[in-house]
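Shown next, in structure tokens, is the structure this report addresses.
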Amino acid sequence: MVHARFCLLFPLLATAAGAAIPEPDPVQVEFRKPPHDYLTHEAKDRFASVLKKIQSGEVQLDTSDDKAFLTSLLQVLDIPISSQILVFSASSLQSEIINPRNPRALYFNEDTYLGFVPGGKVEVISMDPTHAAIFYIFDRLRPGGPPPAITRSDKCFNCHAGTATRRVPGLIAESLLPMASGASLETYRRDEQGHQIPLEQRFGGWHLTGGHHLPQTHANFMGVTTGPGKFEKVPAMPGQMWDINRHLLPTSDILPHLVHEHQLGFENRVFHAAYVMRQLRGSTRGSLPPSAKPQIEKLADELARYILFTDEAKLPPGGIEGDPTFMRDFARNRRPARSGLALKDLDLKTRLLKHRASYMLYTESWQQLPPELKERVYYKMAEGLREQNPSAIGAHIPVPEKLAIRSILKETLPGLPSWWR
């Protein structure tokens with residue numbers, strides 16, 4: 001039963017009544033150095049576990065051809081084929097072979113992201129619960145031969161640990177207008193990930209299929225130069241310039257695009273917070289100094305806003321029509337409350353989720369955050385989910401939806417504070 005009142009019986013960080021918390025100075029994270037030691041950290045991500053099984057022979061991958069190899073690897077990693085999205089801008093370590101004639105396919109679940117370029121190599125980004133993105137790359141497959149060698153890559157940091165991820169190993173998506181070579185002519189957005197980005201600024205350099213109902217989009221276009229400093233946009237539809245059968249699916253559906261963007265924004269914010277907290281704690285040999293309070297408050301505000309979709313971009317009029325196969329695969333690990341409701345329930349009419357609290361709270365990325373920070377995030381979420389006089393973080397959520405969110409979290413989320421009612 002959902003109670004009509006939401007009791008906030010929990011500890012607060014001591015603050016004088018009405019006292020403003022000063023804006024904290026940015027924490028400079030050096031992820032290669034102590035206390036993080038990223039390069040020597042023993043990875044505990046999903047792919048690291050699978051890699052040990054591959055190397056021991058416990059897991060056998062199909063090496064008969066590229067598509068069979070890719071399919072078997074996705075199955076082992078529990079990544080649905082239906083998550084496929086296609087990008088044709090020159091990106092990743094294999095930028096020289098990615099272009100409108102040879103798009104890169106991306107597949108993902110909640111903690112692992114896999115890229116495949118026909119004629120190239122398979123790349124994997126797997127999220128370590130405490131140290132963020134770990135990068136792996138396979139050698140080229142020799143059909144019928146042994147599984148290709150796999151290395152943990154340290155060549156991705158110029159992009160994946162730069163300004164776009166606030167100097168922490170993370171995930172990137174950009175929107176730009178590629179030429180036939182894959183190089184960029186025009187940029188629509190960069191250095192920012194997440195569901196707050198308006199849809200009209202997304203999808204440049206990506207294929208987009210399905211019932212997206214967008215009146216205008218940057219998707220499915222490439223640029224052609226028409227003179228010095230001049231160019232025009234021309235269509236680049238899926239399969240128009242390449243054999244669509246080189247990929248596992250002919251689609252790059254709108255729904256996995258939206259889910260992918262939400263997850264990138266969540267992961268990058270969570271892991272930036274994790275590194276900042278470890279840096280603050282490491283500077284005092286394990287305890288958090290009183291001076292850390294403003295930084296914790298700032299991180300908690302940002303995370304709570306993102307988790308409750310406070311700034312979510314609007315869907316187009318009429319919503320979207322998600323691919324039914326991906327919808328089924330997305331719900332495969334759904335965690336329902338006794339009411340039958342779950343955080344993974346989709347809306348797709350005006351927003352992504354029916355209950356606006358992120359299902360990414362179930363990931364190890366979130367569960368491994370320092371308790372001091374999680375406590376503050378839960379407090380700020382609770383303020384936003386009050387029925388009366390909610391904070392601005394939850395003012396966009398109607399009361400029935402708040403009641404549903406609170407009951408789902410209480411019944412299904414591990415580690416929720418005891419004061420959560």
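In the structure tokens, chains take the letters A, B, ... in the order shown, each chain's residues start at 1, and ligands count up from 1 in the order shown.
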How close does range 117-176 of chain A get to range 274-298 of chain A? List, as JSON lines, each residue of range 117-176 of chain A within 10 Å, its nearest atom pair and the distance in Å to one decimal, counting only C-alpha atoms.
```
{"residue": "A:Pro129", "atom": "CA", "partner": "A:Ala274", "partner_atom": "CA", "distance": 9.7}
{"residue": "A:Thr130", "atom": "CA", "partner": "A:Ala274", "partner_atom": "CA", "distance": 7.1}
{"residue": "A:His131", "atom": "CA", "partner": "A:Tyr275", "partner_atom": "CA", "distance": 7.7}
{"residue": "A:Ala132", "atom": "CA", "partner": "A:Ala274", "partner_atom": "CA", "distance": 8.8}
{"residue": "A:Arg167", "atom": "CA", "partner": "A:Tyr275", "partner_atom": "CA", "distance": 9.8}
{"residue": "A:Val168", "atom": "CA", "partner": "A:Tyr275", "partner_atom": "CA", "distance": 7.5}
{"residue": "A:Pro169", "atom": "CA", "partner": "A:Tyr275", "partner_atom": "CA", "distance": 9.9}
```
What residues in range 124-323 of chain A get the DSSP label helix (DSSP H, G or I)? Please answer as number ranges by chain. A: 157-160, 163-165, 199-201, 244-246, 254-282, 290-307
Taking into account only C-alpha atoms, which residue in the set A:Tyr107, A:Glu411, A:Val377, A:Val124 is nearest to Thr71 in chain A?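 Answer, going by the shortest atom-to-atom distance: A:Tyr107.
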Between A:Gly384, A:Arg166, A:Phe31, A:Leu343, which one has atoms that come closest to Lys410 in chain A, using only C-alpha atoms? A:Leu343
Do you know which residues are at most 10 Å from Phe108 in chain A counting only C-alpha atoms, after dropping those on the same chain fewer than 6 positions away, and could you put them as number ranges by chain? A: 74, 77-85, 114-115, 124-126, 256, 259-260, 263
Write down as a PyMOL selection string the residues belonging to range 18-203 of chain A that are assigned strand (DSSP E or B) by DSSP computed on the backbone. chain A and resi 85-87+99+102+104-108+112-116+122-128+132-138+150-152+175-178+184-189
Preceding selection exported with C-alpha atoms as a CSV table (one decimal), in the first residue's frame:
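Result written to selection.csv:
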```csv
chain,number,residue,atom,x,y,z
A,85,ILE,CA,22.2,1.8,-33.3
A,86,LEU,CA,24.3,2.9,-36.2
A,87,VAL,CA,26.8,5.8,-36.4
A,99,ASN,CA,32.0,6.7,-42.8
A,102,ASN,CA,30.6,1.7,-43.6
A,104,ARG,CA,29.7,1.4,-36.9
A,105,ALA,CA,27.1,-0.6,-35.0
A,106,LEU,CA,26.7,-0.1,-31.3
A,107,TYR,CA,25.0,-2.5,-28.9
A,108,PHE,CA,24.5,-2.1,-25.1
A,112,THR,CA,28.5,-2.8,-21.2
A,113,TYR,CA,28.8,-1.1,-24.6
A,114,LEU,CA,30.1,-2.9,-27.7
A,115,GLY,CA,31.1,-1.4,-31.1
A,116,PHE,CA,31.5,-3.3,-34.4
A,122,VAL,CA,35.2,-5.3,-32.1
A,123,GLU,CA,35.6,-2.7,-29.2
A,124,VAL,CA,34.1,-3.0,-25.8
A,125,ILE,CA,33.5,-0.4,-23.0
A,126,SER,CA,32.6,-2.1,-19.8
A,127,MET,CA,31.7,-0.1,-16.7
A,128,ASP,CA,33.8,-1.1,-13.6
A,132,ALA,CA,34.1,3.7,-14.6
A,133,ALA,CA,34.8,2.9,-18.2
A,134,ILE,CA,37.3,0.1,-19.0
A,135,PHE,CA,38.3,-0.1,-22.7
A,136,TYR,CA,39.0,-3.4,-24.5
A,137,ILE,CA,39.7,-4.1,-28.2
A,138,PHE,CA,39.9,-7.3,-30.1
A,150,ILE,CA,41.9,-9.1,-26.5
A,151,THR,CA,43.8,-6.2,-25.0
A,152,ARG,CA,42.8,-3.6,-22.4
A,175,SER,CA,26.0,15.0,-33.1
A,176,LEU,CA,27.6,16.4,-36.2
A,177,LEU,CA,27.3,16.4,-40.0
A,178,PRO,CA,29.9,14.0,-41.6
A,184,SER,CA,32.9,16.5,-39.6
A,185,LEU,CA,31.6,19.6,-41.5
A,186,GLU,CA,29.4,20.9,-38.8
A,187,THR,CA,28.8,20.2,-35.1
A,188,TYR,CA,25.4,20.3,-33.4
A,189,ARG,CA,26.4,19.3,-29.9
```
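For the choices A:Asp345, A:Glu261, A:Asp62, A:Glu401, the atom-to-atom distance to Phe330 in chain A is smallest for A:Asp345 when using only C-alpha atoms.
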Env of Ile307 in chain A: 9 Å cut, atoms = only C-alpha atoms, seq-sep filter 3 positions within chain, self excluded. Answer as an NGL selection string. :A and (266 or 302-304 or 310 or 356-361 or 381)
What lies within 12 Å of Val224 in chain A using only C-alpha atoms, ignoring chain neighbours under 4 positions off, as a count of residues only? 20
So that I can check the surroundings of Gly170 in chain A, please list as a VMD selection string every protein, DNA and RNA residue that reaches within 8 Å of it, counting only C-alpha atoms and ignoring chain neighbours fewer than 2 positions away. chain A and resid 132 to 133 160 to 161 165 168 172 267 to 268 271
For CA of Asn158 in chain A and CA of Asp139 in chain A, the interatomic separation in Å (one decimal): 21.2 Å
Computed interatomic separation between CA of Arg338 in chain A and CA of Gln368 in chain A (Å): 26.1 Å
